[in-house]
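A.B. asks: There's a structure below that I have some questions on.
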Number of protein chains: 2
Amino acid sequence: LSKPSFTVQILGSGSATPTTYRNPSGQLIEFNNAYYLIDCGEGTQLQLRKINAKFQRINHVFVSHLHGDHFFGLIGLLNSMHLYGKKTKLTIFSPPELKEVIDLQLRVSKARLDYPIEYIDLQNKGFNLIGADDRLEFFSFPLKHRVPTCGFLLKEKPGLLKLKNEALAEYQVPLQERNKLKMGEDFISHEGKIIKNKHFTYPRENLRTYAYCSDTAYSPKTAEYVKEVDVLYHEATFENALADKAKDTMHSTTAQAAKVAKEANVKKLIIGHYSSRYRYVDKLLHEAREVFTNTIAADDGMIIRLD
Amino acid sequence: LSKPSFTVQILGSGSATPTTYRNPSGQLIEFNNAYYLIDCGEGTQLQLRKINAKFQRINHVFVSHLHGDHFFGLIGLLNSMHLYGKKTKLTIFSPPELKEVIDLQLRVSKARLDYPIEYIDLQNKGFNLIGADDRLEFFSFPLKHRVPTCGFLLKEKPGLLKLKNEALAEYQVPLQERNKLKMGEDFISHEGKIIKNKHFTYPRENLRTYAYCSDTAYSPKTAEYVKEVDVLYHEATFENALADKAKDTMHSTTAQAAKVAKEANVKKLIIGHYSSRYRYVDKLLHEAREVFTNTIAADDGMIIRLD
């Protein structure tokens with residue numbers, strides 16, 4: 001059995017001022033054909049159309065903070081989901097004010113949505129389990145920005161264990177007992193003897209994790225929250241030479257993003273949320289790699305696979 | 001002297017559901033290098049970037065109604081205008097609720113704008129002069145849609161008259177008197193005789209007019225409001241075979257748009273706001289031309305010149 005797919009697709013790798021070459025923040029996470037959206041800058045729905053992702057299959061949206069380049073595209077997406085026939089519940093994890101913004105816009109446009117929305121207010125302290133479905137668990141943690149901002153961590157849920165055929169044969173395990181083994185239970189043999197689960201099953205593979213940190217200044221706490229994740233997306237709005245500007249605006253430089261990756265010992269770092277001054281980001285990538293080798297530079301449309 | 005330029009550039013010719021080939025409603029009107037924006041669907045600011053139009057030079061925005069495909073892009077544009085250094089006043093003509101929407105979004109994102117905004121509330125009855133600058137006069141008139149919706153008419157203001165050199169020589173008109181003639185005053189000769197202005201000036205050319213009607217069902221009143229304009233943009237969301245759907249949704253068919261153009265005896269009709277079901281609009285154009293020959297089909301990026 002191969003692992004279920006777990007991918008991150010970059011919908012926008014730009015920041016606040018619009019450019020013709022990068023969209024504002026948005027990411028589509030796909031796990032075993034289920035969709036999760038993180039941030040939703042203006043034009044995100046068009047990006048989703050371009051990659052042919054069915055809007056109405058998104059059931060969870062995560063909004064990191066209420067700067068426009070992270071949520072101005074949400075109201076349009078919500079309307080389009082309705083027009084495309086969504087009926088299933090949408091859960092939105094966001095700062096509490098977002099509901100007010102959406103409700104007002106629906107009211108003035110006399111729009112109705114044929115699907116329910118549940119808003120989950122983000123807390124701005126501590127590492128919190130904010131929700132889960134049957135595939136993933138969702139966590140939030142505070143970032144360090146000009147307005148309350150959360151990072152997100154999505155963690156694969158344990159699936160069924162894989163069975164060792166030779167052990168099943170050895171104890172002649174009946175079919176109906178095998179599911180229990182897959183779920184981690186021990187086996188009681190014909191003679192009443194308890195045989196530990198691990199005799200029948202392969203060790204569980206690591207549960208994959210993805211963390212998203214944007215927007216944020218460098219904080220040593222971030223590394224604690226994203227410790228050893230498989231893939232970390234961390235904003236790198238500015239090159240190192242603009243560290244003062246990064247500090248003033250509470251954004252990160254490339255070296256700061258890479259420092260978090262190194263401190264957290266993550267497997268892979270993706271940088272993004274580039275200032276519009278950068279048409280090409282080779283230099284940013286180079287700077288980050290000097291601190292943390294396994295870094296890639298986000299680009300709109302790029303897919304990163306968690307293996 | 002040639003006439004000042006007066007152009008309409010289509011930023012979006014699509015309707016509510018997003019497509020990768022048409023943006024939602026937006027038009028950039030340019031008169032002698034001044035910019036006016038009509039409607040502002042999601043992604044309008046990106047369209048403006050693509051054509052290299054400087055945001056901060058837009059001082060007037062007209063919002064026809066509060067369906068999302070006509071205003072969801074405004075908040076992003078307002079933010080970007082600030083980021084690009086706009087300082088001059090922006091006047092927004094819109095349904096009154098728009099101010100509340102914009103203010104709330106600015107508030108939750110803790111954004112400030114370094115330029116003042118004046119909101120002019122649209123009335124939904126009668127033909128009204130809603131504003132003017134030194135180039136154009138702006139009028140609104142009611143359309144027929146599911147929410148309060150206005151059409152707009154932009155009319156060239158009379159410029160200075162052009163002088164006839166031979167008449168100036170005949171009466172030896174001093175330099176300081178010539179500006180008065182240009183402004184339409186009569187001339188008093190050396191002997192105290194009044195010489196009519198028209199002796200010195202060429203007849204005024206027609207003042208050019210542009211009218212925008214979207215979204216709307218067919219209404220016989222529309223033709224009265226847009227009587228004999230140079231260019232009329234009238235939505236044609238559906239083909240004639242879908243007249244029932246047009247009626248239900250309070251949109252127009254191609255023949256209905258063309259009928260308005262014909263009844264109003266306009267010089268040129270532009271159709272647009274096509275349903276997303278139409279990838280190509282040849283058929284829509286053909287249907288409209290059967291009723292009104294001088295019709296063109298809007299396409300994103302197209303420029304229409306008023307001569």
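In the structure tokens, chains take letters A, B, ... by order of appearance, with residues numbered from 1 within each chain and ligands from 1 in the order shown.
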Give me, as CSV, the closest atom pair and its distance (Å, one decimal) for every residue of chain B within a cut-off of 9 Å of chain A, counting only C-alpha atoms, rows sorted by chain and rising number.
C.D. replies:
residue,atom,partner,partner_atom,distance
B:Ala16,CA,A:Ser80,CA,7.8
B:Thr17,CA,A:Ser80,CA,6.0
B:Pro18,CA,A:Leu46,CA,6.5
B:Thr19,CA,A:Arg49,CA,6.9
B:Thr20,CA,A:Lys50,CA,6.2
B:Glu42,CA,A:Gly43,CA,6.5
B:Gly43,CA,A:Gly43,CA,5.7
B:Gln45,CA,A:Pro18,CA,7.5
B:Leu46,CA,A:Thr20,CA,6.4
B:Gln47,CA,A:Thr20,CA,8.4
B:Arg49,CA,A:Thr20,CA,6.6
B:Lys50,CA,A:Thr20,CA,6.2
B:His65,CA,A:Ser109,CA,8.3
B:Leu66,CA,A:Ser109,CA,5.0
B:His67,CA,A:Ser109,CA,5.0
B:Gly68,CA,A:Gly76,CA,6.8
B:Asp69,CA,A:Gly76,CA,7.9
B:Phe72,CA,A:Gly76,CA,6.8
B:Gly73,CA,A:Glu42,CA,7.5
B:Ile75,CA,A:Phe72,CA,7.6
B:Gly76,CA,A:Gly68,CA,6.7
B:Asn79,CA,A:Gly68,CA,8.0
B:Ser80,CA,A:Thr17,CA,6.0
B:Leu83,CA,A:Thr17,CA,7.0
B:Tyr84,CA,A:Thr17,CA,8.2
B:Glu97,CA,A:Val108,CA,6.5
B:Leu98,CA,A:Val108,CA,7.9
B:Glu100,CA,A:Leu104,CA,8.4
B:Val101,CA,A:Gln105,CA,6.6
B:Leu104,CA,A:Val101,CA,6.7
B:Gln105,CA,A:Val101,CA,6.6
B:Leu106,CA,A:Gly68,CA,8.8
B:Val108,CA,A:Glu97,CA,6.5
B:Ser109,CA,A:His67,CA,5.0
B:Lys110,CA,A:Val147,CA,7.6
B:Ala111,CA,A:His67,CA,8.0
B:Arg146,CA,A:Lys110,CA,8.9
B:Val147,CA,A:Ser109,CA,7.6
A.B. asks: Could those selected residues go to a file with N, CA, C and O atoms, as a compact mmCIF listing (two decimals), in the first residue's frame?
C.D. replies:
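File selection.txt, as written:
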# COMPACT_ATOMS: atom_id res chain seq x y z
N ALA B 16 -20.73 36.72 -13.27
CA ALA B 16 -20.50 36.34 -11.88
C ALA B 16 -19.51 35.18 -11.68
O ALA B 16 -18.61 35.28 -10.86
N THR B 17 -19.68 34.09 -12.41
CA THR B 17 -18.77 32.97 -12.14
C THR B 17 -17.45 33.20 -12.86
O THR B 17 -17.44 33.56 -14.03
N PRO B 18 -16.36 33.00 -12.14
CA PRO B 18 -15.05 33.34 -12.71
C PRO B 18 -14.64 32.36 -13.79
O PRO B 18 -14.96 31.18 -13.73
N THR B 19 -13.95 32.86 -14.77
CA THR B 19 -13.38 31.99 -15.79
C THR B 19 -11.92 32.40 -15.96
O THR B 19 -11.51 33.47 -15.54
N THR B 20 -11.16 31.55 -16.59
CA THR B 20 -9.76 31.88 -16.82
C THR B 20 -9.62 32.77 -18.05
O THR B 20 -8.54 33.26 -18.33
N GLU B 42 -13.45 41.46 -8.75
CA GLU B 42 -12.20 40.89 -8.24
C GLU B 42 -11.16 40.78 -9.36
O GLU B 42 -11.46 40.36 -10.46
N GLY B 43 -9.95 41.19 -9.07
CA GLY B 43 -8.86 41.09 -10.05
C GLY B 43 -8.70 42.33 -10.92
O GLY B 43 -7.80 42.38 -11.75
N GLN B 45 -7.57 45.26 -10.17
CA GLN B 45 -6.27 45.93 -10.01
C GLN B 45 -5.17 45.20 -10.79
O GLN B 45 -4.24 45.83 -11.30
N LEU B 46 -5.31 43.90 -10.92
CA LEU B 46 -4.32 43.16 -11.69
C LEU B 46 -4.46 43.48 -13.18
O LEU B 46 -3.46 43.61 -13.90
N GLN B 47 -5.69 43.64 -13.62
CA GLN B 47 -5.92 44.03 -15.02
C GLN B 47 -5.29 45.41 -15.28
O GLN B 47 -4.71 45.65 -16.33
N ARG B 49 -2.76 46.65 -13.71
CA ARG B 49 -1.31 46.45 -13.75
C ARG B 49 -0.88 45.93 -15.12
O ARG B 49 0.13 46.36 -15.67
N LYS B 50 -1.65 45.03 -15.65
CA LYS B 50 -1.29 44.42 -16.94
C LYS B 50 -1.22 45.47 -18.05
O LYS B 50 -0.41 45.36 -18.96
N HIS B 65 -23.60 48.63 -8.85
CA HIS B 65 -24.44 47.93 -7.86
C HIS B 65 -23.57 47.00 -7.05
O HIS B 65 -22.40 46.77 -7.37
N LEU B 66 -24.17 46.45 -5.98
CA LEU B 66 -23.35 45.69 -5.04
C LEU B 66 -23.44 44.18 -5.22
O LEU B 66 -23.45 43.44 -4.24
N HIS B 67 -23.46 43.72 -6.45
CA HIS B 67 -23.19 42.31 -6.68
C HIS B 67 -21.67 42.16 -6.78
O HIS B 67 -20.99 43.02 -7.36
N GLY B 68 -21.19 41.05 -6.22
CA GLY B 68 -19.76 40.89 -6.03
C GLY B 68 -18.91 41.08 -7.27
O GLY B 68 -17.82 41.65 -7.20
N ASP B 69 -19.41 40.64 -8.41
CA ASP B 69 -18.59 40.72 -9.62
C ASP B 69 -18.43 42.17 -10.10
O ASP B 69 -17.75 42.42 -11.09
N PHE B 72 -16.07 43.47 -5.70
CA PHE B 72 -15.17 42.76 -4.79
C PHE B 72 -13.69 43.14 -4.97
O PHE B 72 -12.88 42.89 -4.09
N GLY B 73 -13.35 43.72 -6.10
CA GLY B 73 -11.95 44.12 -6.31
C GLY B 73 -11.62 45.50 -5.78
O GLY B 73 -10.46 45.91 -5.81
N ILE B 75 -11.74 46.97 -2.64
CA ILE B 75 -10.96 47.13 -1.41
C ILE B 75 -9.47 46.88 -1.69
O ILE B 75 -8.61 47.62 -1.18
N GLY B 76 -9.17 45.92 -2.50
CA GLY B 76 -7.77 45.65 -2.84
C GLY B 76 -7.15 46.81 -3.62
O GLY B 76 -6.00 47.19 -3.37
N ASN B 79 -6.40 49.73 -1.25
CA ASN B 79 -5.16 49.48 -0.51
C ASN B 79 -3.94 49.70 -1.38
O ASN B 79 -2.96 50.29 -0.94
N SER B 80 -4.00 49.21 -2.59
CA SER B 80 -2.84 49.34 -3.47
C SER B 80 -2.59 50.80 -3.84
O SER B 80 -1.44 51.21 -3.95
N LEU B 83 -0.55 52.06 -1.16
CA LEU B 83 0.82 51.55 -1.21
C LEU B 83 1.62 52.20 -2.33
O LEU B 83 2.83 52.36 -2.22
N TYR B 84 0.93 52.59 -3.39
CA TYR B 84 1.62 53.24 -4.51
C TYR B 84 1.70 54.76 -4.35
O TYR B 84 2.12 55.45 -5.25
N GLU B 97 -24.42 51.51 0.83
CA GLU B 97 -23.84 50.48 1.71
C GLU B 97 -22.36 50.22 1.44
O GLU B 97 -21.67 49.62 2.27
N LEU B 98 -21.87 50.66 0.31
CA LEU B 98 -20.47 50.34 -0.01
C LEU B 98 -19.49 50.93 1.01
O LEU B 98 -18.51 50.29 1.39
N GLU B 100 -19.83 51.33 4.12
CA GLU B 100 -19.78 50.48 5.31
C GLU B 100 -18.87 49.26 5.08
O GLU B 100 -18.08 48.89 5.95
N VAL B 101 -18.98 48.69 3.90
CA VAL B 101 -18.16 47.51 3.56
C VAL B 101 -16.68 47.88 3.55
O VAL B 101 -15.84 47.17 4.12
N LEU B 104 -15.34 48.78 7.13
CA LEU B 104 -15.14 47.61 7.99
C LEU B 104 -13.86 46.87 7.61
O LEU B 104 -13.08 46.47 8.48
N GLN B 105 -13.65 46.73 6.32
CA GLN B 105 -12.45 45.99 5.88
C GLN B 105 -11.17 46.75 6.23
O GLN B 105 -10.15 46.15 6.58
N LEU B 106 -11.22 48.06 6.12
CA LEU B 106 -10.06 48.85 6.53
C LEU B 106 -9.83 48.71 8.03
O LEU B 106 -8.70 48.58 8.50
N VAL B 108 -10.75 46.18 10.17
CA VAL B 108 -10.26 44.88 10.65
C VAL B 108 -8.82 44.64 10.21
O VAL B 108 -8.09 43.91 10.87
N SER B 109 -8.41 45.23 9.09
CA SER B 109 -7.03 45.02 8.65
C SER B 109 -6.10 46.12 9.17
O SER B 109 -4.94 46.16 8.81
N LYS B 110 -6.65 46.99 10.01
CA LYS B 110 -5.89 48.10 10.58
C LYS B 110 -5.14 48.87 9.50
O LYS B 110 -4.00 49.29 9.66
N ALA B 111 -5.79 49.02 8.35
CA ALA B 111 -5.17 49.73 7.23
C ALA B 111 -5.56 51.19 7.29
O ALA B 111 -6.68 51.54 7.65
N ARG B 146 -31.83 42.97 -9.88
CA ARG B 146 -32.34 42.36 -8.64
C ARG B 146 -32.03 43.19 -7.41
O ARG B 146 -32.66 43.03 -6.37
N VAL B 147 -31.01 44.02 -7.50
CA VAL B 147 -30.68 44.95 -6.42
C VAL B 147 -30.61 46.34 -7.05
O VAL B 147 -30.50 46.46 -8.27
A.B. asks: With distances taken over only C-alpha atoms, which of B:Ser94, B:Thr216, B:Ser276, B:Thr201 is nearest to Leu143 of chain B?
C.D. replies: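 Closest to Leu143 of chain B of all the choices is B:Thr216.
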A.B. asks: Counting only C-alpha atoms, what is within 10 Å of Lys3 of chain A, bar same-chain residues fewer than 5 positions away, as a PDB file with C-alpha atoms, in the first residue's frame?
C.D. replies:
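Once written, around25.pdb looks like this:
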ATOM      1  CA  ASN A  32      -5.934  11.939  -0.448  1.00  0.00           C
ATOM      2  CA  GLY A 159      -4.138   5.378   9.301  1.00  0.00           C
ATOM      3  CA  GLU A 205       5.571   5.307   9.292  1.00  0.00           C
ATOM      4  CA  LEU A 306       5.184  15.375   1.156  1.00  0.00           C
ATOM      5  CA  ASP A 307       6.640  11.873   0.905  1.00  0.00           C
TER       6      ASP A 307
END
A.B. asks: Mind checking which residues fall within 7 Å of segment 54-64 of chain B, counting only C-alpha atoms, ignoring those fewer than 3 positions away in the same chain, and posting them as a PyMOL selection string?
C.D. replies: chain B and resi 34-39+70-71+81+84-86+89-94+149-151
A.B. asks: Hey, what's within 12 Å of Pro174 of chain A if we count only C-alpha atoms and toss same-chain stuff fewer than 4 positions away? As a list in words, please?
C.D. replies: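 Everything that qualifies: Ala167, Leu168, Ala169, Glu170, Arg178, Asn179, Lys180, Leu181, Phe187, Ile188, Ser189 and His190 of chain A.
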A.B. asks: Mind checking DSSP for segment 63-249 of chain B and telling me the helix (DSSP H, G or I) residues as a PyMOL selection string?
C.D. replies: chain B and resi 68-71+74-83+97-108+165-170+175-182+197-199+220-225+240-249
A.B. asks: Which of these residues is nearest to Tyr212 of chain B, using only C-alpha atoms: B:Val266, B:Phe152, B:Val229, B:Ala257?
C.D. replies: B:Phe152
A.B. asks: If you count only C-alpha atoms, which residues fall within 9 Å of Ile10 of chain A, apart from same-chain ones fewer than 6 positions away, as a list of chain:residue names?
C.D. replies: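 The filter keeps A:Ser25, A:Gly26, A:Gln27, A:Leu28, A:Ile29, A:Ala298, A:Asp299, A:Asp300, A:Gly301, A:Met302, A:Ile303, A:Ile304.
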A.B. asks: Could you save those same residues with all heavy atoms as a PDB file, in the first residue's frame?
C.D. replies:
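Generated output (result31.pdb):
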ATOM      1  N   SER A  25      -1.109  35.818  -1.287  1.00  0.00           N
ATOM      2  CA  SER A  25      -1.047  34.522  -0.601  1.00  0.00           C
ATOM      3  C   SER A  25      -2.259  33.624  -0.804  1.00  0.00           C
ATOM      4  O   SER A  25      -3.409  34.072  -0.724  1.00  0.00           O
ATOM      5  CB  SER A  25      -0.848  34.743   0.900  1.00  0.00           C
ATOM      6  OG  SER A  25       0.426  35.305   1.136  1.00  0.00           O
ATOM      7  N   GLY A  26      -1.977  32.367  -0.997  1.00  0.00           N
ATOM      8  CA  GLY A  26      -2.994  31.330  -1.094  1.00  0.00           C
ATOM      9  C   GLY A  26      -2.295  30.003  -1.339  1.00  0.00           C
ATOM     10  O   GLY A  26      -1.319  29.951  -2.085  1.00  0.00           O
ATOM     11  N   GLN A  27      -2.761  28.958  -0.654  1.00  0.00           N
ATOM     12  CA  GLN A  27      -2.198  27.625  -0.876  1.00  0.00           C
ATOM     13  C   GLN A  27      -3.308  26.593  -0.823  1.00  0.00           C
ATOM     14  O   GLN A  27      -4.176  26.653   0.040  1.00  0.00           O
ATOM     15  CB  GLN A  27      -1.163  27.289   0.212  1.00  0.00           C
ATOM     16  CG  GLN A  27       0.025  28.228   0.222  1.00  0.00           C
ATOM     17  CD  GLN A  27       1.171  27.729   1.083  1.00  0.00           C
ATOM     18  OE1 GLN A  27       1.032  26.719   1.789  1.00  0.00           O
ATOM     19  NE2 GLN A  27       2.290  28.424   1.016  1.00  0.00           N
ATOM     20  N   LEU A  28      -3.249  25.668  -1.730  1.00  0.00           N
ATOM     21  CA  LEU A  28      -4.202  24.568  -1.725  1.00  0.00           C
ATOM     22  C   LEU A  28      -3.483  23.314  -1.242  1.00  0.00           C
ATOM     23  O   LEU A  28      -2.538  22.845  -1.869  1.00  0.00           O
ATOM     24  CB  LEU A  28      -4.760  24.335  -3.135  1.00  0.00           C
ATOM     25  CG  LEU A  28      -5.842  23.256  -3.207  1.00  0.00           C
ATOM     26  CD1 LEU A  28      -7.110  23.715  -2.488  1.00  0.00           C
ATOM     27  CD2 LEU A  28      -6.156  22.894  -4.658  1.00  0.00           C
ATOM     28  N   ILE A  29      -3.953  22.809  -0.098  1.00  0.00           N
ATOM     29  CA  ILE A  29      -3.394  21.572   0.428  1.00  0.00           C
ATOM     30  C   ILE A  29      -4.319  20.444  -0.005  1.00  0.00           C
ATOM     31  O   ILE A  29      -5.540  20.574   0.092  1.00  0.00           O
ATOM     32  CB  ILE A  29      -3.323  21.595   1.972  1.00  0.00           C
ATOM     33  CG1 ILE A  29      -2.773  22.938   2.482  1.00  0.00           C
ATOM     34  CG2 ILE A  29      -2.524  20.408   2.491  1.00  0.00           C
ATOM     35  CD1 ILE A  29      -1.424  23.313   1.972  1.00  0.00           C
ATOM     36  N   ALA A 298       9.137  29.261  -3.436  1.00  0.00           N
ATOM     37  CA  ALA A 298       7.764  29.119  -3.933  1.00  0.00           C
ATOM     38  C   ALA A 298       7.590  29.899  -5.230  1.00  0.00           C
ATOM     39  O   ALA A 298       8.181  30.962  -5.410  1.00  0.00           O
ATOM     40  CB  ALA A 298       6.771  29.621  -2.889  1.00  0.00           C
ATOM     41  N   ASP A 299       6.781  29.361  -6.105  1.00  0.00           N
ATOM     42  CA  ASP A 299       6.422  30.030  -7.342  1.00  0.00           C
ATOM     43  C   ASP A 299       4.960  29.668  -7.598  1.00  0.00           C
ATOM     44  O   ASP A 299       4.535  28.558  -7.266  1.00  0.00           O
ATOM     45  CB  ASP A 299       7.320  29.516  -8.471  1.00  0.00           C
ATOM     46  CG  ASP A 299       7.464  30.544  -9.563  1.00  0.00           C
ATOM     47  OD1 ASP A 299       6.794  31.592  -9.504  1.00  0.00           O
ATOM     48  OD2 ASP A 299       8.250  30.285 -10.489  1.00  0.00           O
ATOM     49  N   ASP A 300       4.206  30.586  -8.169  1.00  0.00           N
ATOM     50  CA  ASP A 300       2.785  30.321  -8.350  1.00  0.00           C
ATOM     51  C   ASP A 300       2.571  29.073  -9.221  1.00  0.00           C
ATOM     52  O   ASP A 300       3.146  28.967 -10.305  1.00  0.00           O
ATOM     53  CB  ASP A 300       2.086  31.518  -9.002  1.00  0.00           C
ATOM     54  CG  ASP A 300       2.043  32.716  -8.076  1.00  0.00           C
ATOM     55  OD1 ASP A 300       2.791  32.737  -7.085  1.00  0.00           O
ATOM     56  OD2 ASP A 300       1.250  33.637  -8.340  1.00  0.00           O
ATOM     57  N   GLY A 301       1.750  28.169  -8.728  1.00  0.00           N
ATOM     58  CA  GLY A 301       1.444  26.950  -9.467  1.00  0.00           C
ATOM     59  C   GLY A 301       2.277  25.752  -9.021  1.00  0.00           C
ATOM     60  O   GLY A 301       1.916  24.605  -9.307  1.00  0.00           O
ATOM     61  N   MET A 302       3.366  26.015  -8.325  1.00  0.00           N
ATOM     62  CA  MET A 302       4.271  24.946  -7.893  1.00  0.00           C
ATOM     63  C   MET A 302       3.571  23.956  -6.952  1.00  0.00           C
ATOM     64  O   MET A 302       2.788  24.348  -6.097  1.00  0.00           O
ATOM     65  CB  MET A 302       5.456  25.586  -7.171  1.00  0.00           C
ATOM     66  CG  MET A 302       6.466  24.620  -6.616  1.00  0.00           C
ATOM     67  SD  MET A 302       7.689  25.535  -5.606  1.00  0.00           S
ATOM     68  CE  MET A 302       8.868  25.987  -6.855  1.00  0.00           C
ATOM     69  N   ILE A 303       3.873  22.679  -7.124  1.00  0.00           N
ATOM     70  CA  ILE A 303       3.342  21.632  -6.237  1.00  0.00           C
ATOM     71  C   ILE A 303       4.492  21.004  -5.457  1.00  0.00           C
ATOM     72  O   ILE A 303       5.501  20.637  -6.042  1.00  0.00           O
ATOM     73  CB  ILE A 303       2.617  20.529  -7.043  1.00  0.00           C
ATOM     74  CG1 ILE A 303       1.404  21.117  -7.772  1.00  0.00           C
ATOM     75  CG2 ILE A 303       2.184  19.381  -6.126  1.00  0.00           C
ATOM     76  CD1 ILE A 303       0.678  20.125  -8.658  1.00  0.00           C
ATOM     77  N   ILE A 304       4.313  20.926  -4.146  1.00  0.00           N
ATOM     78  CA  ILE A 304       5.314  20.282  -3.297  1.00  0.00           C
ATOM     79  C   ILE A 304       4.667  19.039  -2.677  1.00  0.00           C
ATOM     80  O   ILE A 304       3.594  19.118  -2.061  1.00  0.00           O
ATOM     81  CB  ILE A 304       5.804  21.226  -2.177  1.00  0.00           C
ATOM     82  CG1 ILE A 304       6.418  22.476  -2.776  1.00  0.00           C
ATOM     83  CG2 ILE A 304       6.827  20.512  -1.274  1.00  0.00           C
ATOM     84  CD1 ILE A 304       5.477  23.642  -2.903  1.00  0.00           C
TER      85      ILE A 304
END
